[in-house]
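Listing of upload-v9.cif; format and content: mmCIF, C-alpha atoms.
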```cif
data_upload
loop_
_atom_site.label_atom_id
_atom_site.label_comp_id
_atom_site.auth_asym_id
_atom_site.auth_seq_id
_atom_site.Cartn_x
_atom_site.Cartn_y
_atom_site.Cartn_z
CA MET A 13 11.49 7.70 -0.55
CA THR A 14 13.84 6.37 2.08
CA LEU A 15 15.67 8.08 4.88
CA GLN A 16 19.43 7.69 4.63
CA SER A 17 21.39 8.36 7.78
CA LEU A 18 24.39 7.37 9.84
CA ARG A 19 24.01 5.78 13.24
CA HIS A 20 27.09 5.60 15.48
CA SER A 21 27.30 1.82 15.82
CA GLY A 22 29.25 -1.32 14.96
CA ARG A 23 32.60 -0.28 13.49
CA SER A 24 34.90 -2.94 12.12
CA SER A 25 38.67 -3.07 11.80
CA GLU A 26 38.20 -5.01 8.59
CA SER A 27 38.19 -3.20 5.29
CA ASN A 28 34.88 -2.63 3.50
CA THR A 29 35.92 -2.41 -0.13
CA GLU A 30 32.53 -1.08 -1.26
CA SER A 31 31.94 1.80 1.08
CA SER A 32 35.19 2.56 2.91
CA LEU A 33 36.24 6.16 2.72
CA ASP A 34 39.78 4.90 2.19
CA ASP A 35 38.76 3.27 -1.09
CA ILE A 36 36.99 6.41 -2.24
CA ASP A 37 40.08 8.44 -1.37
CA ILE A 38 42.23 6.03 -3.39
CA ALA A 39 39.88 6.44 -6.34
CA LYS A 40 40.14 10.22 -6.06
CA ARG A 41 43.94 10.16 -5.96
CA ASN A 42 44.08 7.81 -8.94
CA ILE A 43 41.93 10.18 -10.98
CA ALA A 44 44.08 13.16 -10.02
CA THR A 45 47.50 11.57 -10.59
CA GLY A 46 46.74 9.71 -13.78
CA LEU A 47 47.51 6.45 -11.97
CA SER A 48 51.24 7.09 -11.98
CA ARG A 49 51.76 4.45 -9.30
CA GLY A 50 50.33 1.04 -8.56
CA ARG A 51 49.43 0.45 -12.16
CA HIS A 52 49.03 -3.32 -11.90
CA ALA A 53 46.76 -3.00 -8.87
CA HIS A 54 44.70 -0.43 -10.75
CA VAL A 55 44.33 -2.76 -13.73
CA ASP A 56 43.09 -5.46 -11.36
CA ARG A 57 40.56 -3.05 -9.83
CA LYS A 58 39.37 -1.95 -13.25
CA HIS A 59 38.99 -5.57 -14.34
CA ALA A 60 37.01 -6.37 -11.18
CA ALA A 61 34.84 -3.27 -11.64
CA ALA A 62 34.20 -4.15 -15.29
CA SER A 63 33.27 -7.71 -14.34
CA LYS A 64 30.86 -6.45 -11.69
CA ARG A 65 29.41 -3.93 -14.17
CA TRP A 66 28.65 -6.69 -16.67
CA LYS A 67 27.01 -8.81 -13.98
CA THR A 68 24.85 -5.85 -12.99
CA PHE A 69 24.00 -5.18 -16.66
CA TRP A 70 22.88 -8.75 -17.33
CA SER A 71 20.96 -8.96 -14.08
CA ALA A 72 19.06 -5.80 -15.00
CA PHE A 73 18.53 -6.99 -18.58
CA ARG A 74 17.06 -10.31 -17.44
CA TYR A 75 14.76 -8.54 -14.98
CA LEU A 76 13.48 -6.21 -17.69
CA GLN A 77 13.06 -9.12 -20.07
CA GLY A 78 10.73 -10.82 -17.59
CA LEU A 79 8.45 -7.84 -16.91
CA THR A 80 4.74 -8.56 -17.12
CA PRO A 81 2.41 -6.43 -19.26
CA LYS A 82 0.94 -4.97 -16.05
CA GLN A 83 4.38 -3.91 -14.78
CA VAL A 84 5.07 -2.18 -18.08
CA ASP A 85 1.66 -0.49 -18.10
CA ASP A 86 2.04 0.64 -14.47
CA PHE A 87 5.48 2.08 -15.25
CA MET A 88 4.17 4.07 -18.20
CA ALA A 89 1.12 5.24 -16.23
CA SER A 90 3.32 6.39 -13.34
CA TYR A 91 4.58 9.34 -15.39
CA VAL A 92 1.31 11.17 -14.72
CA ILE A 93 2.66 12.39 -11.36
CA TYR A 94 5.51 14.30 -13.01
CA ASN A 95 3.03 16.59 -14.73
CA LEU A 96 1.90 17.63 -11.26
CA ASP A 97 3.54 19.52 -8.39
CA TRP A 98 3.17 19.35 -4.63
CA SER A 99 2.62 23.13 -4.63
CA ASP A 100 -0.68 22.77 -6.56
CA GLU A 101 -2.85 20.55 -4.34
CA LYS A 102 -6.02 21.32 -6.30
CA GLN A 103 -4.49 19.88 -9.46
CA MET A 104 -3.20 16.88 -7.50
CA ILE A 105 -6.73 16.14 -6.23
CA ALA A 106 -8.34 16.76 -9.63
CA THR A 107 -5.95 14.32 -11.32
CA LEU A 108 -5.41 11.65 -8.68
CA GLY A 109 -8.31 12.06 -6.24
CA GLU A 110 -8.50 12.91 -2.54
CA ASP A 111 -6.02 10.15 -1.69
CA TYR A 112 -3.45 11.67 -4.04
CA GLN A 113 -0.55 11.17 -1.64
CA GLN A 114 -1.14 7.39 -1.63
CA LYS A 115 -1.50 7.44 -5.43
CA VAL A 116 1.83 9.25 -5.75
CA GLY A 117 3.41 6.58 -3.56
CA ASP A 118 1.96 3.81 -5.72
CA CYS A 119 3.23 5.52 -8.87
CA LEU A 120 6.70 5.90 -7.39
CA LYS A 121 6.86 2.18 -6.62
CA ALA A 122 5.87 1.33 -10.18
CA TYR A 123 8.28 3.91 -11.59
CA TYR A 124 11.38 3.00 -9.59
CA GLY A 125 10.63 -0.72 -9.82
CA VAL A 126 11.53 -0.46 -13.51
CA LEU A 127 13.71 2.65 -13.64
CA ASN A 128 16.35 1.18 -11.34
CA HIS A 129 16.94 -1.66 -13.81
CA LEU A 130 16.95 0.65 -16.83
CA CYS A 131 19.59 2.81 -15.15
CA ALA A 132 21.64 -0.31 -14.37
CA LEU A 133 22.03 -0.93 -18.10
CA GLY A 134 24.46 2.00 -18.01
CA ASP A 135 26.70 3.88 -15.60
CA VAL A 136 23.86 5.31 -13.51
CA GLU A 137 22.75 2.26 -11.53
CA LYS A 138 22.77 4.51 -8.44
CA MET A 139 20.03 6.45 -10.25
CA TYR A 140 21.69 9.84 -10.12
CA ILE A 141 23.93 11.89 -12.37
CA PRO A 142 26.54 13.36 -10.03
CA PRO A 143 27.93 16.88 -9.99
CA TRP A 144 30.63 17.43 -12.60
CA MET A 145 33.61 17.55 -10.24
CA SER A 146 36.46 16.46 -12.52
CA LYS A 147 36.74 17.00 -16.26
CA LYS A 148 38.94 13.92 -16.59
CA ALA A 149 36.67 11.58 -14.63
CA THR A 150 33.91 9.29 -15.84
CA VAL A 151 30.34 9.46 -14.55
CA ARG A 152 31.09 6.69 -12.04
CA GLU A 153 34.31 8.39 -10.92
CA ASN A 154 32.49 11.70 -10.46
CA GLN A 155 30.01 9.85 -8.27
CA LEU A 156 32.90 8.62 -6.11
CA LEU A 157 34.36 12.10 -5.93
CA TYR A 158 31.07 13.57 -4.83
CA GLU A 159 30.48 10.82 -2.28
CA GLU A 160 33.95 11.45 -0.87
CA SER A 161 33.03 15.13 -0.53
CA ILE A 162 29.89 14.12 1.43
CA ALA A 163 32.10 12.27 3.89
CA GLN A 164 34.25 15.37 4.34
CA ASP A 165 31.24 17.68 4.68
CA ILE A 166 29.54 15.63 7.40
CA GLY A 167 32.76 14.98 9.27
CA LEU A 168 33.46 11.30 8.63
CA LYS A 169 37.06 10.22 9.12
CA SER A 170 39.20 7.84 7.10
CA GLY A 171 38.26 4.32 8.16
CA ASP A 172 34.67 5.15 9.14
CA LYS A 173 32.13 2.92 7.42
CA LEU A 174 28.67 3.43 5.97
CA PHE A 175 27.12 0.03 6.61
CA ARG A 176 24.87 -1.45 3.95
CA ARG A 177 22.75 -4.57 4.25
CA SER A 178 25.17 -6.67 2.18
CA PHE A 179 28.19 -5.57 4.23
CA ASN A 180 26.23 -6.06 7.44
CA ALA A 181 25.41 -9.66 6.53
CA GLN A 182 28.94 -10.48 5.37
CA ARG A 183 30.45 -9.32 8.66
CA GLY A 184 27.82 -10.96 10.83
CA PHE A 185 26.74 -7.76 12.59
CA SER A 186 23.49 -8.18 14.44
CA ASN A 187 23.16 -4.82 16.21
CA ASN A 188 22.92 -2.62 13.09
CA THR A 189 19.38 -2.01 11.89
CA PHE A 190 18.13 -0.72 8.55
CA VAL A 191 14.80 1.08 8.41
CA VAL A 192 12.87 1.92 5.23
CA GLN A 193 10.65 4.89 5.95
CA ASP A 194 8.37 6.98 3.74
CA PHE A 195 9.33 10.58 4.51
CA ASN A 196 5.83 11.69 3.61
CA ASN A 197 4.67 9.69 6.64
CA LEU A 198 5.89 11.63 9.67
CA PRO A 199 7.03 11.55 12.41
CA LEU A 200 10.10 9.45 11.74
CA PRO A 201 10.29 6.27 13.84
CA PHE A 202 13.43 7.27 15.75
CA GLU A 203 14.19 8.66 19.19
CA ASP A 204 15.47 12.22 19.63
CA GLU A 205 19.19 12.77 18.97
CA THR A 206 19.80 9.30 17.53
CA PHE A 207 22.03 9.96 14.52
CA ASP A 208 25.57 11.34 14.12
CA ALA A 209 24.94 12.69 10.62
CA PHE A 210 22.50 12.65 7.71
CA TYR A 211 22.78 12.77 3.92
CA GLN A 212 20.43 12.52 0.97
CA ILE A 213 20.88 12.58 -2.80
CA GLN A 214 18.16 13.90 -5.11
CA ALA A 215 15.14 12.77 -3.08
CA LEU A 216 13.59 15.99 -1.74
CA SER A 217 11.41 16.67 -4.79
CA LEU A 218 9.43 13.58 -3.74
CA CYS A 219 8.73 15.11 -0.31
CA LYS A 220 5.35 16.82 0.09
CA ASP A 221 6.33 18.87 3.16
CA ILE A 222 10.06 19.66 3.20
CA PRO A 223 9.90 22.02 6.22
CA ALA A 224 8.22 19.28 8.28
CA LEU A 225 10.82 16.75 7.17
CA PHE A 226 13.70 19.04 8.13
CA ARG A 227 12.12 19.60 11.56
CA GLU A 228 12.06 15.82 12.01
CA ILE A 229 15.66 15.44 10.85
CA TYR A 230 16.65 18.19 13.29
CA ARG A 231 14.94 16.23 16.05
CA VAL A 232 16.63 12.89 15.32
CA VAL A 233 20.22 14.09 14.77
CA LYS A 234 22.58 14.81 17.65
CA PRO A 235 23.70 18.33 18.61
CA GLY A 236 26.63 19.29 16.40
CA ALA A 237 25.58 16.83 13.66
CA LYS A 238 26.06 17.91 10.06
CA ILE A 239 23.72 17.09 7.20
CA SER A 240 24.41 17.00 3.47
CA SER A 241 21.86 17.40 0.69
CA LEU A 242 22.28 17.20 -3.10
CA ASP A 243 19.13 17.93 -5.04
CA TRP A 244 17.06 19.21 -7.91
CA VAL A 245 16.20 22.91 -7.76
CA SER A 246 14.98 25.59 -10.09
CA LEU A 247 17.44 28.49 -10.35
CA PRO A 248 16.87 32.26 -10.41
CA ALA A 249 17.01 32.40 -14.23
CA TYR A 250 13.94 30.15 -14.49
CA ASP A 251 10.75 32.06 -15.29
CA PRO A 252 7.58 29.94 -15.17
CA GLN A 253 5.83 32.57 -17.30
CA ASN A 254 8.36 32.12 -20.10
CA PRO A 255 6.87 29.58 -22.57
CA GLU A 256 10.26 28.08 -23.45
CA HIS A 257 11.22 27.69 -19.79
CA ALA A 258 7.85 26.17 -18.91
CA GLU A 259 8.07 23.69 -21.79
CA LEU A 260 11.57 22.61 -20.79
CA MET A 261 10.38 22.11 -17.21
CA ARG A 262 7.43 20.04 -18.44
CA ARG A 263 9.79 17.77 -20.38
CA VAL A 264 12.59 17.48 -17.82
CA LYS A 265 10.59 16.69 -14.66
CA PRO A 266 9.45 13.26 -15.93
CA LEU A 267 12.96 12.47 -17.11
CA ILE A 268 14.56 12.99 -13.70
CA GLY A 269 11.55 11.87 -11.65
CA ALA A 270 10.78 15.17 -9.92
CA VAL A 271 7.38 15.89 -8.38
CA GLY A 272 8.15 19.10 -6.50
CA THR A 273 10.41 21.90 -7.68
CA PRO A 274 12.13 23.55 -4.71
CA THR A 275 14.50 26.50 -4.97
CA PRO A 276 17.79 26.98 -3.09
CA GLU A 277 16.11 29.72 -1.07
CA SER A 278 13.16 27.53 -0.07
CA LEU A 279 15.49 24.74 1.08
CA GLU A 280 17.70 27.13 3.04
CA LYS A 281 14.67 28.70 4.73
CA ALA A 282 13.24 25.30 5.66
CA LEU A 283 16.58 24.34 7.21
CA THR A 284 17.06 27.54 9.19
CA ASP A 285 13.42 27.53 10.35
CA ALA A 286 14.00 24.00 11.66
CA GLY A 287 17.00 25.24 13.66
CA PHE A 288 19.94 24.30 11.41
CA VAL A 289 22.77 26.64 10.48
CA VAL A 290 23.53 26.56 6.75
CA LEU A 291 27.28 26.13 6.23
CA LYS A 292 27.42 25.75 2.47
CA SER A 293 24.92 26.40 -0.32
CA ASP A 294 26.20 26.11 -3.88
CA ASN A 295 26.15 24.23 -7.15
CA ALA A 296 28.67 21.42 -6.70
CA SER A 297 29.44 21.15 -10.44
CA ILE A 298 32.38 22.83 -12.18
CA ASP A 299 31.15 26.28 -13.27
CA GLY A 300 27.68 25.23 -12.11
CA LEU A 301 27.11 22.93 -15.08
CA GLN A 302 26.24 19.22 -15.20
CA ALA A 303 25.65 19.26 -18.96
CA PRO A 304 28.90 17.44 -19.92
CA LEU A 305 27.98 14.45 -17.74
CA ILE A 306 24.32 14.54 -18.77
CA ASP A 307 25.45 14.51 -22.41
CA THR A 308 27.68 11.48 -21.75
CA VAL A 309 24.84 9.52 -20.15
CA ASP A 310 22.34 10.61 -22.80
CA GLY A 311 24.70 9.60 -25.62
CA TYR A 312 25.26 6.16 -24.11
CA PHE A 313 21.56 5.40 -23.75
CA ARG A 314 20.71 6.79 -27.18
CA ALA A 315 23.24 4.40 -28.68
CA MET A 316 21.82 1.55 -26.60
CA ARG A 317 18.34 2.51 -27.78
CA GLN A 318 19.35 1.85 -31.37
CA VAL A 319 20.69 -1.58 -30.44
CA ILE A 320 17.53 -2.44 -28.50
CA LEU A 321 15.25 -1.28 -31.32
CA GLY A 322 17.23 -3.45 -33.74
CA LEU A 323 16.94 -6.50 -31.49
CA VAL A 324 13.19 -5.91 -31.07
CA LYS A 325 12.79 -5.64 -34.83
CA LEU A 326 14.55 -8.99 -35.23
CA HIS A 327 12.25 -10.47 -32.54
CA LEU A 328 15.25 -11.36 -30.38
CA ILE A 329 13.95 -9.56 -27.28
CA PRO A 330 10.40 -8.76 -26.10
CA HIS A 331 8.57 -5.85 -27.71
CA HIS A 332 8.13 -4.05 -24.39
CA PHE A 333 11.87 -3.17 -24.48
CA LYS A 334 10.99 -0.70 -27.24
CA THR A 335 8.31 0.92 -25.08
CA LEU A 336 10.65 1.20 -22.11
CA ILE A 337 13.74 2.53 -23.90
CA ASN A 338 11.75 5.06 -25.94
CA ARG A 339 10.24 6.50 -22.76
CA PHE A 340 13.54 6.35 -20.90
CA CYS A 341 15.49 8.22 -23.60
CA LEU A 342 12.88 10.90 -24.13
CA ASP A 343 13.96 14.51 -23.51
CA GLY A 344 17.61 14.04 -22.55
CA LEU A 345 18.44 16.94 -24.86
CA ALA A 346 15.91 19.12 -23.03
CA PHE A 347 17.73 18.34 -19.76
CA ILE A 348 21.06 19.37 -21.31
CA LYS A 349 19.55 22.59 -22.67
CA MET A 350 17.93 23.48 -19.35
CA ASP A 351 21.24 22.94 -17.56
CA ASN A 352 23.21 25.01 -20.09
CA MET A 353 20.64 27.81 -19.74
CA ARG A 354 21.12 27.59 -15.95
CA LEU A 355 17.38 27.27 -15.37
CA ALA A 356 17.60 24.24 -13.07
CA THR A 357 20.07 21.67 -11.82
CA THR A 358 20.22 18.34 -10.01
CA SER A 359 23.62 19.18 -8.50
CA TYR A 360 22.68 21.81 -5.92
CA ARG A 361 24.45 21.12 -2.62
CA ILE A 362 23.57 22.32 0.86
CA VAL A 363 25.48 21.45 4.01
CA ALA A 364 24.00 22.44 7.35
CA GLN A 365 24.63 21.78 11.04
CA LYS A 366 22.56 21.39 14.16
CA PRO A 367 24.11 23.72 16.75
CA ALA A 368 26.12 22.00 19.45
CA ARG A 369 25.14 22.39 23.07
CA ASN A 370 27.14 25.00 24.97
#
```

Could you spell out this file's structure in C-alpha cells?
Amino acid sequence: MTLQSLRHSGRSSESNTESSLDDIDIAKRNIATGLSRGRHAHVDRKHAAASKRWKTFWSAFRYLQGLTPKQVDDFMASYVIYNLDWSDEKQMIATLGEDYQQKVGDCLKAYYGVLNHLCALGDVEKMYIPPWMSKKATVRENQLLYEESIAQDIGLKSGDKLFRRSFNAQRGFSNNTFVVQDFNNLPLPFEDETFDAFYQIQALSLCKDIPALFREIYRVVKPGAKISSLDWVSLPAYDPQNPEHAELMRRVKPLIGAVGTPTPESLEKALTDAGFVVLKSDNASIDGLQAPLIDTVDGYFRAMRQVILGLVKLHLIPHHFKTLINRFCLDGLAFIKMDNMRLATTSYRIVAQKPARN
C-alpha cells in the first residue's frame, strides 16, 4: 500500500541500467526486430538477466525455507480479507471487528511478506501479471513493454530516470527521499503541487476510499501532470447475481490479492470528480485479454508445485512449502476463465491529467 510517484529531482548523466527508459526502449526494439542486430550484446544481457534471475530465485527460496510456523499461519489467515469487500462495511466489522481497517493492514503485511518471495520463484517477482502487449514476448518482456508505455503516457523523455533506493545509494545522491505511505491514512505527507507525475500498478483494490485518494493525488501533483493507473476492475459482463460469476469472483479475488472491486466507470468518476481530465481508459491487453500470460504463469507454478511436493515428500525441504505452494497455485484456472469470459481484468489502464494553469 505504497504511493509511487515521480519527484523532479537529482538527474544523473550516468546510465541507470535497471530503470533507464533507454534500456526499456532497447528491450522493446529487440522484441520487435527479433534481435537482428547486436546479437552478441543481447546474449550477454540474457546471460546477465538469467544470472540475476537465479540469484533472486535462490534468495526467495532460502527466505521461504526459513519461515517460522507463525509466519506461515499468519499468511494463511490473511486470506480472510479477500472474502470481504470495502463496499460492505457491515461485513467487514462483523468479520474483523470495529478496527477492521487496521486488521486489513496487518493481514496485508502478513500476506505480502510471503507472497513477494513466492512470486520471485518465477517470472512475477514484481508481483503483477502485465497486460498482454506482444504475442512474441515473455511475461518479463511484456512487463518492460508496459512500463515503457507508462513512461510515454506520463510524458517522461528518453534519459529520464525513476530513482530507486538501490540506484540512489550507488550514485551517492543525498537529496532524493523515499516515503512509504499507507494510502488508507490520508492526507498524504506532501506539500501541494510537489510531483511531476504519478503512476500505480494494481494497488487500488487495497484502497478503502478511492475518491479521497484521487483528491489527494490531485493536490500533490503539479498543474499539467499526468497520472497512469493499471488495475483490477470488474467489467460490464460481470453479473454478481449470476452464480457462476459470483463463484469465479470468490475464487479469483484471493488469488490476485483484491479487497475492493472497482469498475472502470467508478474509477473514471473518482478521477473527474477530483478534477482530473481522463485522457485514456481502456484494456491495455491485446484484444482485451490477459489469459495467454496468466496461463503461462499458472503453468510454470503448477509445474513447480509438483517439484516442491516431491521434495517435501522426500523430506528434502520443510513441510510448510507444501502449504504455501498449494495455496499459491489455487484457482489459477478460475482466473483464466474469468478473463476469457471478460468478466474482470487486472490490465485496465487509465491515463488522466491535472489541467494546466492558463

* To do: Find the distance between atom CA of Ala249 of chain A and atom CA of Leu355 of chain A and write it in Å to one decimal.
  =>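 According to the coordinates, atom CA of Ala249 of chain A and atom CA of Leu355 of chain A are separated by 5.3 Å.
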
Residue with the minimum atom-to-atom distance to Lys334 of chain A, picked from A:Pro367, A:Pro201, A:Gly322, A:Pro255 with all atoms listed in the file counted, is A:Gly322

task: Starting from the point (12.1, 21.9, -6.4), work out which residues of protein, DNA or RNA have an atom no more than 10 Å away when counting only C-alpha atoms; state them as a VMD selection string.
output: chain A and resid 97 to 99 216 to 219 243 to 247 265 270 to 276 278 to 279 356 to 358

Padding 3 Å on every side, please: axis-aligned box over the listed atoms of segment 294-304 of chain A, centre and edge lengths to one decimal in Å, as AutoDock Vina command-line options.
```
--center_x 29.0 --center_y 21.9 --center_z -11.9 --size_x 12.7 --size_y 14.8 --size_z 22.0
```

Pick from A:Val136, A:Leu326, A:Ile162, A:Leu96 nearest to Thr150 of chain A, counting only C-alpha atoms: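 Closest candidate: A:Val136.
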
Exercise. Expand the PyMOL selection byres ((chain A and resi 298) around 12) into the individual residues it matches in the shown file, reporting them as a ChimeraX atom specification.
Key: /A:142-148,154,158,294-297,299-305,359-360

With distances taken over all atoms listed in the file, the candidate from A:Asp221, A:Arg262, A:Leu133, A:Glu110 nearest Val92 of chain A is A:Arg262

Can you translate the PyMOL selection byres ((chain A and resi 130) around 10) into the concrete residues it hits in this file, as a PDB file with C-alpha atoms, in the coordinates of the input?
```
ATOM      1  CA  PHE A  69      24.000  -5.180 -16.660  1.00  0.00           C
ATOM      2  CA  ALA A  72      19.060  -5.800 -15.000  1.00  0.00           C
ATOM      3  CA  PHE A  73      18.530  -6.990 -18.580  1.00  0.00           C
ATOM      4  CA  TYR A  75      14.760  -8.540 -14.980  1.00  0.00           C
ATOM      5  CA  LEU A  76      13.480  -6.210 -17.690  1.00  0.00           C
ATOM      6  CA  TYR A 124      11.380   3.000  -9.590  1.00  0.00           C
ATOM      7  CA  GLY A 125      10.630  -0.720  -9.820  1.00  0.00           C
ATOM      8  CA  VAL A 126      11.530  -0.460 -13.510  1.00  0.00           C
ATOM      9  CA  LEU A 127      13.710   2.650 -13.640  1.00  0.00           C
ATOM     10  CA  ASN A 128      16.350   1.180 -11.340  1.00  0.00           C
ATOM     11  CA  HIS A 129      16.940  -1.660 -13.810  1.00  0.00           C
ATOM     12  CA  CYS A 131      19.590   2.810 -15.150  1.00  0.00           C
ATOM     13  CA  ALA A 132      21.640  -0.310 -14.370  1.00  0.00           C
ATOM     14  CA  LEU A 133      22.030  -0.930 -18.100  1.00  0.00           C
ATOM     15  CA  GLY A 134      24.460   2.000 -18.010  1.00  0.00           C
ATOM     16  CA  VAL A 136      23.860   5.310 -13.510  1.00  0.00           C
ATOM     17  CA  GLU A 137      22.750   2.260 -11.530  1.00  0.00           C
ATOM     18  CA  MET A 139      20.030   6.450 -10.250  1.00  0.00           C
ATOM     19  CA  PHE A 313      21.560   5.400 -23.750  1.00  0.00           C
ATOM     20  CA  PHE A 333      11.870  -3.170 -24.480  1.00  0.00           C
ATOM     21  CA  LEU A 336      10.650   1.200 -22.110  1.00  0.00           C
ATOM     22  CA  ILE A 337      13.740   2.530 -23.900  1.00  0.00           C
ATOM     23  CA  PHE A 340      13.540   6.350 -20.900  1.00  0.00           C
TER      24      PHE A 340
END
```

List as a list in words the protein and nucleic acid residues near Asp285 of chain A, meaning an atom at most 10 Å away when all atoms listed in the file are counted, but skip any in the same chain fewer than 6 places from it.
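Listed by chain and then number, they are Pro223, Ala224, Phe226, Arg227 and Leu279 of chain A.
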
* Which value, in Å to one decimal, gives the distance between atom CA of Tyr312 of chain A and atom CA of Ile268 of chain A? ->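 Interatomic distance, atom CA of Tyr312 of chain A to atom CA of Ile268 of chain A: 16.4 Å.
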
>> Using only C-alpha atoms, can you tell me which of A:Gly269, A:Val232, A:Tyr250, A:Ala215 comes closest to Ile93 of chain A?
In response: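 Once distances to Ile93 of chain A are computed over only C-alpha atoms, the minimum belongs to A:Gly269.
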
As an mmCIF file, in the frame of the given file, please: segment 357-369 of chain A completed to N, CA, C and O atoms.
```
data_model
loop_
_atom_site.group_PDB
_atom_site.id
_atom_site.type_symbol
_atom_site.label_atom_id
_atom_site.label_comp_id
_atom_site.auth_asym_id
_atom_site.auth_seq_id
_atom_site.Cartn_x
_atom_site.Cartn_y
_atom_site.Cartn_z
ATOM 1 N N THR A 357 18.949 22.598 -11.938
ATOM 2 C CA THR A 357 20.070 21.670 -11.820
ATOM 3 C C THR A 357 19.707 20.558 -10.858
ATOM 4 O O THR A 357 18.850 20.741 -9.978
ATOM 5 N N THR A 358 20.350 19.413 -11.009
ATOM 6 C CA THR A 358 20.220 18.340 -10.010
ATOM 7 C C THR A 358 21.513 18.222 -9.193
ATOM 8 O O THR A 358 21.739 17.217 -8.531
ATOM 9 N N SER A 359 22.354 19.249 -9.244
ATOM 10 C CA SER A 359 23.620 19.180 -8.500
ATOM 11 C C SER A 359 23.751 20.327 -7.490
ATOM 12 O O SER A 359 24.847 20.809 -7.224
ATOM 13 N N TYR A 360 22.605 20.744 -6.914
ATOM 14 C CA TYR A 360 22.680 21.810 -5.920
ATOM 15 C C TYR A 360 22.937 21.191 -4.543
ATOM 16 O O TYR A 360 22.211 20.315 -4.078
ATOM 17 N N ARG A 361 23.969 21.684 -3.887
ATOM 18 C CA ARG A 361 24.450 21.120 -2.620
ATOM 19 C C ARG A 361 24.218 22.097 -1.475
ATOM 20 O O ARG A 361 24.508 23.287 -1.579
ATOM 21 N N ILE A 362 23.684 21.543 -0.378
ATOM 22 C CA ILE A 362 23.570 22.320 0.860
ATOM 23 C C ILE A 362 24.111 21.479 2.007
ATOM 24 O O ILE A 362 23.758 20.309 2.151
ATOM 25 N N VAL A 363 24.974 22.083 2.803
ATOM 26 C CA VAL A 363 25.480 21.450 4.010
ATOM 27 C C VAL A 363 25.063 22.327 5.177
ATOM 28 O O VAL A 363 25.217 23.536 5.150
ATOM 29 N N ALA A 364 24.489 21.695 6.200
ATOM 30 C CA ALA A 364 24.000 22.440 7.350
ATOM 31 C C ALA A 364 24.376 21.697 8.632
ATOM 32 O O ALA A 364 24.797 20.524 8.593
ATOM 33 N N GLN A 365 24.236 22.379 9.755
ATOM 34 C CA GLN A 365 24.630 21.780 11.040
ATOM 35 C C GLN A 365 23.631 22.132 12.125
ATOM 36 O O GLN A 365 23.138 23.262 12.199
ATOM 37 N N LYS A 366 23.355 21.141 12.965
ATOM 38 C CA LYS A 366 22.560 21.390 14.160
ATOM 39 C C LYS A 366 23.505 21.960 15.221
ATOM 40 O O LYS A 366 24.546 21.366 15.507
ATOM 41 N N PRO A 367 23.194 23.105 15.772
ATOM 42 C CA PRO A 367 24.110 23.720 16.750
ATOM 43 C C PRO A 367 24.437 22.772 17.900
ATOM 44 O O PRO A 367 23.566 22.019 18.368
ATOM 45 N N ALA A 368 25.701 22.799 18.313
ATOM 46 C CA ALA A 368 26.120 22.000 19.450
ATOM 47 C C ALA A 368 25.640 22.639 20.744
ATOM 48 O O ALA A 368 25.404 23.856 20.807
ATOM 49 N N ARG A 369 25.510 21.838 21.768
ATOM 50 C CA ARG A 369 25.140 22.390 23.070
ATOM 51 C C ARG A 369 26.342 23.145 23.662
ATOM 52 O O ARG A 369 27.491 22.730 23.513
#
```
